[in-house]
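Pasted below: model29.cif, mmCIF, C-alpha atoms.
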```cif
data_target
loop_
_atom_site.label_atom_id
_atom_site.label_comp_id
_atom_site.auth_asym_id
_atom_site.auth_seq_id
_atom_site.Cartn_x
_atom_site.Cartn_y
_atom_site.Cartn_z
CA MET A 16 135.43 74.80 120.19
CA THR A 17 132.19 72.83 120.01
CA VAL A 18 131.47 69.45 121.49
CA ARG A 19 128.51 67.18 121.96
CA ARG A 20 128.04 65.81 125.44
CA SER A 21 126.35 62.90 127.07
CA THR A 22 124.14 63.87 129.99
CA SER A 23 126.73 62.68 132.50
CA GLU A 24 129.45 64.77 130.91
CA LEU A 25 127.48 68.01 131.18
CA THR A 26 128.42 68.40 134.83
CA ASN A 27 132.15 67.88 134.16
CA ARG A 28 132.79 71.52 133.37
CA GLY A 29 136.56 71.44 133.34
CA THR A 30 136.90 69.14 130.33
CA CYS A 31 136.82 69.91 126.63
CA GLU A 32 136.25 66.44 125.24
CA PRO A 33 133.86 63.71 126.41
CA ARG A 34 135.22 60.95 128.58
CA ASN A 35 133.47 57.59 128.88
CA PRO A 36 130.19 58.90 127.50
CA GLU A 37 127.06 57.10 128.70
CA PRO A 38 123.87 56.52 126.69
CA TYR A 39 122.02 59.76 126.15
CA ASN A 40 118.53 59.86 127.62
CA GLY A 41 117.48 63.44 126.90
CA SER A 42 116.54 64.89 123.54
CA SER A 43 117.20 63.20 120.21
CA LEU A 44 120.75 64.56 120.10
CA PRO A 45 123.05 65.66 122.91
CA PRO A 46 123.19 69.46 123.12
CA LEU A 47 125.92 71.29 121.27
CA ILE A 48 128.18 73.15 123.71
CA PHE A 49 130.54 76.02 122.94
CA ARG A 50 133.20 76.54 125.60
CA LYS A 51 136.06 78.14 123.68
CA GLY A 52 134.27 80.93 121.88
CA LEU A 53 132.59 80.80 118.48
CA ASP A 54 135.50 81.88 116.23
CA LEU A 55 134.03 85.35 115.76
CA LYS A 56 136.16 87.37 118.16
CA HIS A 57 137.50 89.73 115.50
CA GLU A 58 134.05 90.23 113.97
CA VAL A 59 132.58 91.56 117.24
CA ALA A 60 135.65 93.41 118.53
CA HIS A 61 134.59 96.77 117.06
CA VAL A 62 131.11 96.49 118.59
CA LEU A 63 132.57 95.73 122.02
CA ALA A 64 134.95 98.68 121.71
CA GLU A 65 132.14 101.04 120.70
CA SER A 66 129.97 99.80 123.57
CA TYR A 67 132.44 99.62 126.45
CA HIS A 68 135.79 101.34 125.68
CA SER A 69 136.76 104.80 126.95
CA ASP A 70 139.52 106.88 125.37
CA LEU A 71 139.58 109.04 128.50
CA VAL A 72 140.23 106.06 130.79
CA ALA A 73 142.97 104.80 128.46
CA GLN A 74 144.62 108.23 128.60
CA ILE A 75 144.39 108.34 132.41
CA LYS A 76 146.06 104.94 132.67
CA GLU A 77 148.93 106.24 130.55
CA ASN A 78 149.15 109.28 132.84
CA GLY A 79 149.89 107.32 135.99
CA PHE A 80 146.21 106.58 136.76
CA THR A 81 145.71 110.26 137.66
CA HIS A 82 143.38 112.84 136.10
CA ALA A 83 143.95 116.48 137.09
CA SER A 84 141.60 119.19 135.86
CA GLY A 85 141.10 122.54 137.57
CA ARG A 86 140.33 121.96 141.24
CA LEU A 87 139.62 118.26 140.66
CA THR A 88 142.10 115.41 140.88
CA VAL A 89 140.87 111.86 140.34
CA TYR A 90 143.04 108.93 141.40
CA LEU A 91 142.16 105.62 139.78
CA ALA A 92 142.99 102.36 141.52
CA ARG A 93 145.58 100.53 139.44
CA GLU A 94 143.33 97.51 139.02
CA PHE A 95 139.65 98.12 138.34
CA GLY A 96 136.82 97.28 135.98
CA PHE A 97 136.33 94.32 133.68
CA CYS A 98 138.31 91.24 134.68
CA TYR A 99 139.31 88.57 132.20
CA GLY A 100 136.38 86.31 133.07
CA VAL A 101 133.80 89.09 132.62
CA ASP A 102 135.41 90.34 129.41
CA ARG A 103 135.35 86.78 128.05
CA ALA A 104 131.71 86.22 129.03
CA VAL A 105 130.52 89.43 127.36
CA ASP A 106 132.64 88.68 124.29
CA TYR A 107 131.08 85.21 123.98
CA ALA A 108 127.58 86.68 124.29
CA TYR A 109 128.20 89.05 121.38
CA GLN A 110 129.77 86.24 119.37
CA THR A 111 126.70 84.11 120.04
CA ARG A 112 124.34 86.78 118.73
CA LYS A 113 126.53 87.15 115.63
CA ARG A 114 126.76 83.40 115.05
CA PHE A 115 123.02 82.76 115.39
CA PRO A 116 121.26 85.83 113.92
CA ASP A 117 118.10 83.91 113.02
CA ARG A 118 117.68 81.89 116.23
CA GLU A 119 116.36 82.84 119.64
CA VAL A 120 119.26 83.44 122.01
CA TYR A 121 118.71 83.35 125.77
CA LEU A 122 120.68 83.96 128.94
CA THR A 123 119.70 81.95 131.99
CA GLY A 124 119.89 85.22 133.96
CA GLU A 125 122.18 88.23 134.20
CA ILE A 126 125.47 87.44 132.50
CA ILE A 127 127.24 89.65 135.05
CA HIS A 128 125.98 91.98 137.75
CA ASN A 129 125.96 95.21 135.80
CA PRO A 130 122.65 96.73 134.60
CA HIS A 131 124.26 98.68 131.75
CA VAL A 132 125.87 95.58 130.24
CA ASN A 133 122.76 93.45 130.67
CA ASP A 134 120.59 96.09 129.02
CA GLN A 135 123.04 96.27 126.11
CA LEU A 136 122.61 92.52 125.65
CA ARG A 137 118.83 92.86 125.75
CA ALA A 138 119.16 95.53 123.07
CA GLN A 139 121.02 92.96 120.97
CA GLY A 140 117.90 90.80 121.09
CA ILE A 141 119.18 88.38 123.73
CA ARG A 142 116.36 87.27 126.00
CA PHE A 143 116.74 86.60 129.73
CA LEU A 144 115.02 83.55 131.20
CA SER A 145 114.90 85.45 134.50
CA ASP A 146 112.74 88.20 132.99
CA ALA A 147 108.97 88.24 133.51
CA GLY A 148 107.11 86.20 130.91
CA GLU A 149 110.06 83.99 130.01
CA SER A 150 110.13 80.28 130.81
CA LEU A 151 112.68 77.51 130.57
CA ASP A 152 109.82 75.14 129.75
CA ALA A 153 109.25 76.95 126.45
CA LEU A 154 112.76 76.27 125.14
CA THR A 155 113.23 74.08 122.08
CA PRO A 156 116.26 72.37 120.48
CA ASN A 157 116.45 75.27 118.03
CA ASP A 158 117.15 77.77 120.82
CA VAL A 159 120.59 78.91 122.00
CA VAL A 160 121.21 79.42 125.72
CA ILE A 161 124.19 81.29 127.19
CA LEU A 162 125.38 80.20 130.63
CA PRO A 163 126.61 83.22 132.65
CA ALA A 164 130.02 83.88 134.15
CA PHE A 165 128.74 82.73 137.57
CA GLY A 166 127.84 79.30 136.15
CA VAL A 167 124.53 77.53 136.70
CA THR A 168 123.39 74.80 139.04
CA VAL A 169 123.64 71.15 138.07
CA GLU A 170 119.83 71.04 138.11
CA MET A 171 119.58 73.91 135.64
CA LEU A 172 122.16 72.32 133.38
CA MET A 173 120.27 69.03 133.33
CA ALA A 174 117.01 70.84 132.57
CA LEU A 175 118.63 72.55 129.59
CA ASP A 176 120.11 69.22 128.56
CA LYS A 177 116.66 67.64 128.38
CA ARG A 178 115.52 70.34 125.98
CA GLY A 179 118.46 69.82 123.64
CA CYS A 180 119.35 73.52 123.34
CA THR A 181 122.66 74.70 121.96
CA LEU A 182 124.67 75.95 124.94
CA VAL A 183 127.36 78.62 125.13
CA ASP A 184 129.25 78.25 128.40
CA THR A 185 130.90 81.43 129.73
CA THR A 186 131.52 80.11 133.27
CA CYS A 187 134.60 81.81 134.72
CA GLY A 188 137.68 79.63 135.18
CA SER A 189 138.01 80.77 138.80
CA VAL A 190 134.50 79.47 139.49
CA LEU A 191 135.37 76.16 137.83
CA ASN A 192 138.35 75.88 140.18
CA VAL A 193 136.05 76.19 143.20
CA TRP A 194 133.75 73.52 141.74
CA LYS A 195 136.67 71.16 141.29
CA ASN A 196 137.52 71.48 144.97
CA VAL A 197 134.00 71.04 146.34
CA ARG A 198 133.55 67.95 144.16
CA ARG A 199 136.77 66.63 145.65
CA TYR A 200 135.47 67.33 149.14
CA ALA A 201 132.28 65.46 148.34
CA ASP A 202 134.15 62.48 146.91
CA GLU A 203 136.15 62.27 150.15
CA GLY A 204 133.04 62.48 152.34
CA PHE A 205 133.57 66.08 153.48
CA THR A 206 130.95 68.78 153.93
CA SER A 207 131.68 71.89 151.87
CA VAL A 208 131.61 75.06 153.98
CA ILE A 209 131.21 77.90 151.49
CA HIS A 210 131.91 81.51 152.42
CA GLY A 211 129.37 83.30 150.28
CA LYS A 212 125.83 84.56 149.85
CA TYR A 213 123.38 81.69 149.65
CA TRP A 214 121.15 83.70 147.31
CA HIS A 215 123.96 84.49 144.85
CA GLU A 216 123.98 82.61 141.54
CA GLU A 217 127.59 81.55 141.90
CA THR A 218 127.17 80.15 145.40
CA GLN A 219 124.03 78.28 144.36
CA ALA A 220 125.92 76.75 141.46
CA THR A 221 128.87 75.85 143.70
CA ALA A 222 126.61 74.29 146.33
CA SER A 223 124.99 72.12 143.67
CA GLN A 224 128.43 70.63 142.91
CA ALA A 225 128.81 69.42 146.51
CA HIS A 226 126.74 66.26 145.94
CA GLY A 227 124.44 66.89 148.87
CA LYS A 228 126.36 68.22 151.89
CA TYR A 229 127.12 71.90 152.25
CA LEU A 230 126.80 74.87 154.60
CA VAL A 231 126.97 78.48 153.39
CA VAL A 232 128.19 81.14 155.84
CA LEU A 233 127.86 84.81 154.97
CA ASP A 234 130.42 86.34 157.31
CA ARG A 235 132.52 85.92 160.45
CA SER A 236 129.43 86.07 162.65
CA GLU A 237 127.78 83.12 160.93
CA ALA A 238 131.09 81.27 160.81
CA GLN A 239 131.42 81.75 164.57
CA ILE A 240 128.01 80.14 165.16
CA ALA A 241 129.06 77.08 163.14
CA CYS A 242 132.46 76.90 164.83
CA GLU A 243 130.89 77.01 168.29
CA TYR A 244 128.64 74.13 167.27
CA ILE A 245 131.67 72.14 166.10
CA ARG A 246 133.41 72.73 169.44
CA ASP A 247 130.57 72.31 171.88
CA GLY A 248 127.50 71.05 170.06
CA GLY A 249 124.26 72.86 170.80
CA ASP A 250 120.61 73.17 169.92
CA ARG A 251 120.32 71.23 166.67
CA GLN A 252 116.97 72.71 165.67
CA ALA A 253 118.06 76.27 166.45
CA PHE A 254 121.08 75.74 164.20
CA LEU A 255 118.92 74.41 161.36
CA ASP A 256 116.47 77.29 161.78
CA ARG A 257 119.34 79.80 161.65
CA PHE A 258 120.76 78.32 158.43
CA ALA A 259 117.49 77.11 156.92
CA SER A 260 118.22 78.58 153.48
CA ALA A 261 121.96 77.93 153.60
CA VAL A 262 122.32 74.17 154.08
CA SER A 263 121.79 71.11 151.93
CA ALA A 264 118.63 69.03 152.22
CA GLY A 265 118.73 66.71 155.22
CA PHE A 266 121.67 68.53 156.77
CA ASP A 267 122.50 67.31 160.29
CA PRO A 268 125.04 69.51 162.13
CA ASP A 269 125.86 66.70 164.54
CA ARG A 270 126.87 64.45 161.66
CA ASP A 271 127.86 66.84 158.87
CA LEU A 272 130.27 69.15 160.70
CA GLN A 273 132.76 66.44 161.57
CA HIS A 274 134.64 66.60 158.25
CA ILE A 275 135.02 70.11 156.77
CA GLY A 276 136.26 71.39 153.42
CA CYS A 277 136.40 75.18 153.03
CA ALA A 278 135.66 77.06 149.82
CA ASN A 279 134.37 80.50 148.93
CA GLN A 280 132.34 82.48 146.47
CA THR A 281 135.11 83.96 144.34
CA THR A 282 134.00 87.58 144.78
CA MET A 283 133.96 87.75 148.57
CA LEU A 284 136.36 89.83 150.65
CA SER A 285 139.52 87.76 150.44
CA SER A 286 140.83 88.58 153.90
CA GLU A 287 137.51 87.51 155.39
CA SER A 288 137.52 84.23 153.46
CA LEU A 289 140.99 83.43 154.77
CA GLU A 290 140.01 84.32 158.33
CA ILE A 291 136.89 82.16 158.16
CA GLY A 292 138.97 79.25 156.93
CA GLU A 293 141.25 79.65 159.93
CA MET A 294 138.25 79.85 162.26
CA PHE A 295 137.00 76.47 161.05
CA ARG A 296 140.46 74.97 161.22
CA ALA A 297 140.83 76.06 164.85
CA ALA A 298 137.38 74.72 165.75
CA VAL A 299 138.07 71.31 164.22
CA ALA A 300 141.46 71.14 165.93
CA GLU A 301 139.97 72.05 169.30
CA ARG A 302 137.21 69.48 168.98
CA PHE A 303 139.16 66.55 167.55
CA GLY A 304 142.83 67.37 168.17
CA GLU A 305 145.68 68.27 165.82
CA SER A 306 146.36 64.60 165.12
CA GLU A 307 142.96 64.37 163.39
CA MET A 308 143.34 67.43 161.17
CA ALA A 309 144.50 65.59 158.06
CA ALA A 310 141.45 63.35 158.24
CA ARG A 311 138.89 66.05 159.13
CA TYR A 312 139.87 69.37 157.54
CA ARG A 313 140.55 70.53 153.98
CA ALA A 314 141.20 73.98 152.54
CA PHE A 315 142.37 75.22 149.16
CA ASP A 316 142.96 78.76 147.96
CA THR A 317 139.91 79.45 145.78
CA ILE A 318 140.09 83.24 145.96
CA CYS A 319 139.76 84.80 142.49
CA SER A 320 142.99 86.56 141.50
CA ALA A 321 141.08 89.41 139.84
CA THR A 322 139.03 89.98 143.00
CA GLN A 323 142.22 89.94 145.05
CA ASP A 324 144.00 92.33 142.66
CA ARG A 325 141.18 94.89 142.80
CA GLN A 326 140.98 94.73 146.58
CA ASP A 327 144.76 95.08 146.91
CA ALA A 328 144.75 98.01 144.48
CA VAL A 329 142.13 99.97 146.38
CA ILE A 330 143.90 99.29 149.69
CA ALA A 331 147.10 100.65 148.13
CA LEU A 332 145.30 103.73 146.79
CA LEU A 333 143.85 104.51 150.22
CA ALA A 334 147.31 104.17 151.77
CA GLU A 335 149.11 106.29 149.17
CA GLN A 336 146.74 109.23 148.71
CA GLN A 337 145.01 111.70 150.99
CA LEU A 338 141.50 111.59 149.54
CA ASP A 339 138.37 113.59 150.28
CA LEU A 340 135.99 110.87 149.16
CA MET A 341 135.79 107.60 147.25
CA ILE A 342 133.48 106.60 144.43
CA VAL A 343 132.93 102.91 143.67
CA ILE A 344 131.09 102.07 140.44
CA GLY A 345 129.22 98.82 139.89
CA GLY A 346 125.90 97.03 140.06
CA TYR A 347 124.23 97.08 143.45
CA ASN A 348 123.94 93.28 143.34
CA SER A 349 127.63 92.88 142.47
CA SER A 350 129.37 91.12 145.34
CA ASN A 351 132.90 92.13 144.36
CA THR A 352 131.85 95.78 143.98
CA TYR A 353 130.18 95.74 147.39
CA ASN A 354 133.35 94.45 148.98
CA LEU A 355 135.41 97.20 147.37
CA ALA A 356 132.97 99.69 148.90
CA ARG A 357 133.33 97.95 152.28
CA ILE A 358 137.08 98.43 152.21
CA CYS A 359 136.79 102.10 151.29
CA ALA A 360 133.96 102.95 153.72
CA GLU A 361 136.16 101.99 156.64
CA LYS A 362 138.54 104.84 155.74
CA LEU A 363 136.57 107.76 154.27
CA PRO A 364 133.20 108.85 152.83
CA THR A 365 132.36 106.34 150.10
CA PHE A 366 129.64 106.42 147.47
CA HIS A 367 128.77 103.17 145.68
CA ILE A 368 126.87 104.15 142.51
CA SER A 369 125.47 101.77 139.94
CA GLU A 370 125.93 104.08 136.95
CA PRO A 371 127.03 107.64 136.08
CA GLY A 372 123.44 108.89 136.32
CA GLY A 373 123.68 108.40 140.08
CA ILE A 374 125.68 111.63 140.22
CA VAL A 375 122.72 113.98 139.92
CA SER A 376 124.54 117.20 140.84
CA GLY A 377 127.17 118.54 143.16
CA GLN A 378 124.45 118.73 145.77
CA GLU A 379 122.88 115.30 145.21
CA ILE A 380 124.11 111.75 144.64
CA ARG A 381 122.16 108.47 144.53
CA HIS A 382 124.13 105.61 146.03
CA LYS A 383 123.89 102.48 148.13
CA PRO A 384 125.63 102.76 151.51
CA VAL A 385 127.55 99.76 152.79
CA GLY A 386 125.20 97.63 154.86
CA SER A 387 122.06 99.15 153.34
CA LYS A 388 119.61 97.23 151.17
CA GLN A 389 118.28 100.34 149.47
CA GLU A 390 119.60 103.15 147.33
CA VAL A 391 119.57 106.51 149.13
CA THR A 392 120.08 110.11 148.10
CA THR A 393 122.75 112.15 149.89
CA GLY A 394 123.06 115.92 149.67
CA LYS A 395 126.11 118.20 149.78
CA TRP A 396 128.42 115.30 149.02
CA LEU A 397 130.89 117.17 146.79
CA PRO A 398 132.95 120.01 148.34
CA ALA A 399 131.72 123.29 146.85
CA THR A 400 135.04 125.12 147.14
CA GLY A 401 138.72 124.33 147.24
CA SER A 402 140.59 121.41 145.74
CA ILE A 403 138.90 118.02 145.53
CA ARG A 404 140.79 114.73 145.65
CA VAL A 405 138.59 111.83 144.60
CA GLY A 406 139.54 108.16 144.63
CA LEU A 407 137.79 105.97 142.10
CA THR A 408 137.48 102.26 141.44
CA SER A 409 134.97 99.93 139.84
CA GLY A 410 133.87 96.35 140.16
CA ALA A 411 134.97 93.54 137.88
CA SER A 412 131.69 93.78 135.95
CA THR A 413 131.93 97.52 135.22
CA PRO A 414 133.09 98.59 131.73
CA ASP A 415 135.49 101.47 131.17
CA ASN A 416 132.93 103.65 129.40
CA LEU A 417 130.99 104.00 132.66
CA VAL A 418 134.19 104.90 134.53
CA GLY A 419 134.99 107.51 131.90
CA ALA A 420 131.50 108.99 132.10
CA VAL A 421 131.77 109.32 135.89
CA ILE A 422 135.10 111.15 135.58
CA GLN A 423 133.60 113.49 132.97
CA ARG A 424 130.65 114.17 135.26
CA LEU A 425 132.94 114.93 138.20
CA ASP A 426 134.96 117.29 136.02
CA GLU A 427 131.82 119.10 134.94
CA LEU A 428 130.56 119.56 138.49
CA ALA A 429 133.87 120.41 140.13
CA ASN A 430 134.86 122.96 137.49
CA ASP A 431 131.38 124.28 136.67
CA VAL A 432 131.54 123.25 133.03
CA GLY A 433 128.42 124.38 131.22
CA GLY A 434 126.06 121.92 129.59
CA GLU A 435 125.36 118.29 130.22
CA LEU A 436 127.83 115.62 129.18
CA PRO A 437 126.34 112.48 127.68
CA ILE A 438 125.79 109.44 129.87
CA PRO A 439 126.33 106.10 128.09
CA SER A 440 123.02 105.07 126.60
CA ARG A 441 121.38 101.67 126.62
CA SER A 442 120.29 101.95 123.02
CA PRO A 443 120.83 99.00 120.71
CA ALA A 444 124.40 98.54 119.59
CA PRO A 445 125.00 97.59 115.96
CA ARG A 446 125.09 93.86 115.28
#
```

Can you dump the structure from the file as structure tokens?
Amino acid sequence: MTVRRSTSELTNRGTCEPRNPEPYNGSSLPPLIFRKGLDLKHEVAHVLAESYHSDLVAQIKENGFTHASGRLTVYLAREFGFCYGVDRAVDYAYQTRKRFPDREVYLTGEIIHNPHVNDQLRAQGIRFLSDAGESLDALTPNDVVILPAFGVTVEMLMALDKRGCTLVDTTCGSVLNVWKNVRRYADEGFTSVIHGKYWHEETQATASQAHGKYLVVLDRSEAQIACEYIRDGGDRQAFLDRFASAVSAGFDPDRDLQHIGCANQTTMLSSESLEIGEMFRAAVAERFGESEMAARYRAFDTICSATQDRQDAVIALLAEQQLDLMIVIGGYNSSNTYNLARICAEKLPTFHISEPGGIVSGQEIRHKPVGSKQEVTTGKWLPATGSIRVGLTSGASTPDNLVGAVIQRLDELANDVGGELPIPSRSPAPR
């Protein structure tokens, strides 16, 4: 579906047709926006399958999510890999390249947090505005810009609007649901308290929907600081210094923590998001009394179902199987992948790898430990003798071909298969 929007309608992401359009003050014509695909799904399906499908993974799913070979047994979580929103975003990107073969196609930044997928898109000739040497200021009305699954800020959307580019919007529906709620909070005079990472694209986009008043808390520790301020007040400047990068301009904790609406980045640890919501509810009740709750506290379930499903699945896997170690596959900047690794690391040795190449040998693996900011190399990670029971899952932005390549690599190392098995390349896929 394509529509033309007035400037005011560009921020109303949940609609498909303009409502009460206002005079357009940007480029000569309102930008063309694709939000329902580009009618080329079947034309790009074979390319997507060649780039991201794995026959091995499909076979393992049919075999009870278990792969047994020699001394190796791999247990796959029953929910893993590409979610609907990611699959849709990547599909739209390939459709965009197919639809506009003779025009420059850009992404505002990474479409999802997976280096393999992003490099495949670069190989298709899609340029990233976040790459060195690229600039939003150089865009023209003839250019096509893809908005990523995380969404973009209102400010970015208005900047693109002024340039009159054709837009392809792949924003995930779960993200749009969060935006709807924070806009509602703002309309009712509430401050949005967002459980998320203030530097993450999705949280930045969500915060921009709050019309001015928001606070981002990373975890229970930061939530506790805010809750203590709600209860007892405190050093205003110390609070602002602590959350300097995580509050709206002009934020005043004495004024802006009296009416709270809770939301979350959709890829956070769901149990933590729920606990943080309860922490704020208790703080507001203690400060103002239960009789004031309806007027001072709001909360809606904005946890992404795909995030929840993958977390539940890995928890179930850990409970059902006696595993020697866990491998979690996904980009190091992927929030949902990190949280899967957090869950696993509490139970057993866990290796979060960004791609199959991280498994160098049975004696060496490159991975990012939970809580670390850097990739490290660990030795003697794979048992050299005896049976090996490996649990495996992947983030919502990890395609099946990478999962399949990891399983092949494990099989090779555990069973001393000669020769090197191919790792998925980042060479250009056919258009």

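CA of Ala310 (chain A) lies 27.8 Å from CA of Arg257 (chain A).
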
Requested in this report: Pick out the closest residue to Phe315 (chain A) from this set: A:Ile342, A:Leu182, A:Ile240, A:Val208. Count only C-alpha atoms.
Outcome: A:Val208

Query - Picked residues, the PyMOL selection byres ((chain A and resi 186) around 12), as a PyMOL selection string - result: chain A and resi 28-29+49-52+99-105+107-108+126-127+161-168+182-185+187-194+216-217+220-221

Requested in this report: Tell me which residues the PyMOL selection byres ((chain A and resi 81) around 12) grabs here, as a PyMOL selection string.
Outcome: chain A and resi 71-80+82-84+87-93+332+336+404-407+422

Query - Point (140.7, 99.6, 139.9), cut-off 9 Å, counting all atoms listed in the file, residues as JSON, numbers by chain - result: {"A": [91, 92, 93, 94, 95, 96, 324, 325, 326, 328, 329, 407, 408, 409, 410, 411]}

Please write as a PDB file with C-alpha atoms, in the frame of the given file the full residue list that the PyMOL selection byres ((chain A and resi 267) around 10) yields on this file.
```pdb
ATOM      1  CA  LYS A 228     126.360  68.220 151.890  1.00  0.00           C
ATOM      2  CA  ARG A 251     120.320  71.230 166.670  1.00  0.00           C
ATOM      3  CA  GLN A 252     116.970  72.710 165.670  1.00  0.00           C
ATOM      4  CA  PHE A 254     121.080  75.740 164.200  1.00  0.00           C
ATOM      5  CA  LEU A 255     118.920  74.410 161.360  1.00  0.00           C
ATOM      6  CA  VAL A 262     122.320  74.170 154.080  1.00  0.00           C
ATOM      7  CA  SER A 263     121.790  71.110 151.930  1.00  0.00           C
ATOM      8  CA  ALA A 264     118.630  69.030 152.220  1.00  0.00           C
ATOM      9  CA  GLY A 265     118.730  66.710 155.220  1.00  0.00           C
ATOM     10  CA  PHE A 266     121.670  68.530 156.770  1.00  0.00           C
ATOM     11  CA  PRO A 268     125.040  69.510 162.130  1.00  0.00           C
ATOM     12  CA  ASP A 269     125.860  66.700 164.540  1.00  0.00           C
ATOM     13  CA  ARG A 270     126.870  64.450 161.660  1.00  0.00           C
ATOM     14  CA  ASP A 271     127.860  66.840 158.870  1.00  0.00           C
ATOM     15  CA  LEU A 272     130.270  69.150 160.700  1.00  0.00           C
TER      16      LEU A 272
END
```

Query - A:Leu425, A:Leu284, A:Ile374, A:Ala300 ranked by distance to Ser320 (chain A), top pick (using all atoms listed in the file) - result: A:Leu284

**Report entry** Residue nearest His210 (chain A) among A:Phe295, A:Tyr244, A:Phe143, A:Tyr312 (counting only C-alpha atoms)
**Finding:** A:Phe295

Query raised in the report: Quick one, how far is CA of Gly345 (chain A) from CA of Val160 (chain A)?
Result: 25.3 Å

For region 397-405 of chain A, I'd like the enclosing box, axis-aligned and padded by 4 Å on every side, reported as AutoDock Vina command-line options with centre and edge lengths in Å to one decimal.
```
--center_x 135.8 --center_y 118.5 --center_z 146.5 --size_x 17.9 --size_y 21.3 --size_z 11.7
```

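Distance annotation: of A:His367, A:Arg311, A:Arg235, A:His382, the residue with the minimal separation from Glu287 (chain A) is A:Arg235; atom set is only C-alpha atoms.
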
Report task. Write out as JSON, numbers by chain each polymer residue whose atoms come within 8 Å of Asn129 (chain A), counting only C-alpha atoms; drop sequence neighbours fewer than 4 positions from it. Result -> {"A": [133, 345, 346, 349, 369, 412, 413]}

Taking C-alpha atoms for each residue, export the selection above as a PDB file, keeping the file's coordinate frame.
```pdb
ATOM      1  CA  ASN A 133     122.760  93.450 130.670  1.00  0.00           C
ATOM      2  CA  GLY A 345     129.220  98.820 139.890  1.00  0.00           C
ATOM      3  CA  GLY A 346     125.900  97.030 140.060  1.00  0.00           C
ATOM      4  CA  SER A 349     127.630  92.880 142.470  1.00  0.00           C
ATOM      5  CA  SER A 369     125.470 101.770 139.940  1.00  0.00           C
ATOM      6  CA  SER A 412     131.690  93.780 135.950  1.00  0.00           C
ATOM      7  CA  THR A 413     131.930  97.520 135.220  1.00  0.00           C
TER       8      THR A 413
END
```

9 Å contact set for Ala174 (chain A), all atoms listed in the file, chain neighbours under 4 positions out, as a short mmCIF file (atom, residue, chain, number, x, y, z; two decimals) with C-alpha atoms, keeping the file's coordinate frame:
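Result went into part12.cif, see below:
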```
data_model
loop_
_atom_site.label_atom_id
_atom_site.label_comp_id
_atom_site.auth_asym_id
_atom_site.auth_seq_id
_atom_site.Cartn_x
_atom_site.Cartn_y
_atom_site.Cartn_z
CA LEU A 151 112.68 77.51 130.57
CA ASP A 152 109.82 75.14 129.75
CA VAL A 169 123.64 71.15 138.07
CA GLU A 170 119.83 71.04 138.11
CA ARG A 178 115.52 70.34 125.98
#
```

Query raised in the report: Near Ile291 (chain A), counting all atoms listed in the file, which residues have an atom at most 12 Å away, once you skip same-chain residues fewer than 6 positions from it, shown as a list in words?
Result: Val208, Ile209, His210, Gly211, Val231, Val232, Leu233, Asp234, Arg235, Ser236, Glu237, Ala238, Gln239, Ile240, Ala241, Cys242, Gly276, Cys277, Ala278, Asn279, Met283, Leu284, Ser285, Ala297, Ala298 and Ala314 of chain A

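For Gly394 (chain A), the set of protein, DNA and RNA residues having any atom at most 10 Å away, when counting only C-alpha atoms and skipping those fewer than 6 positions along the same chain, is A:Val375, A:Ser376, A:Gly377, A:Gln378, A:Glu379, A:Ile380, A:Arg381.
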
Report task. Taking the point (134.3, 123.1, 138.5) as given in the file, collect each protein or nucleic acid residue that comes within 9 Å of it, counting only C-alpha atoms, and present the set as a ChimeraX atom specification. Result -> /A:84-87,399-400,425-432

Query raised in the report: Please, what distance in Å, to one decimal, runs between CA of Leu122 (chain A) and CA of His68 (chain A)?
Result: 23.3 Å

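Of the listed residues (A:Ser306, A:Asn416, A:Thr282, A:Thr393), A:Asn416 comes nearest to Ile344 (chain A); the distances count all atoms listed in the file.
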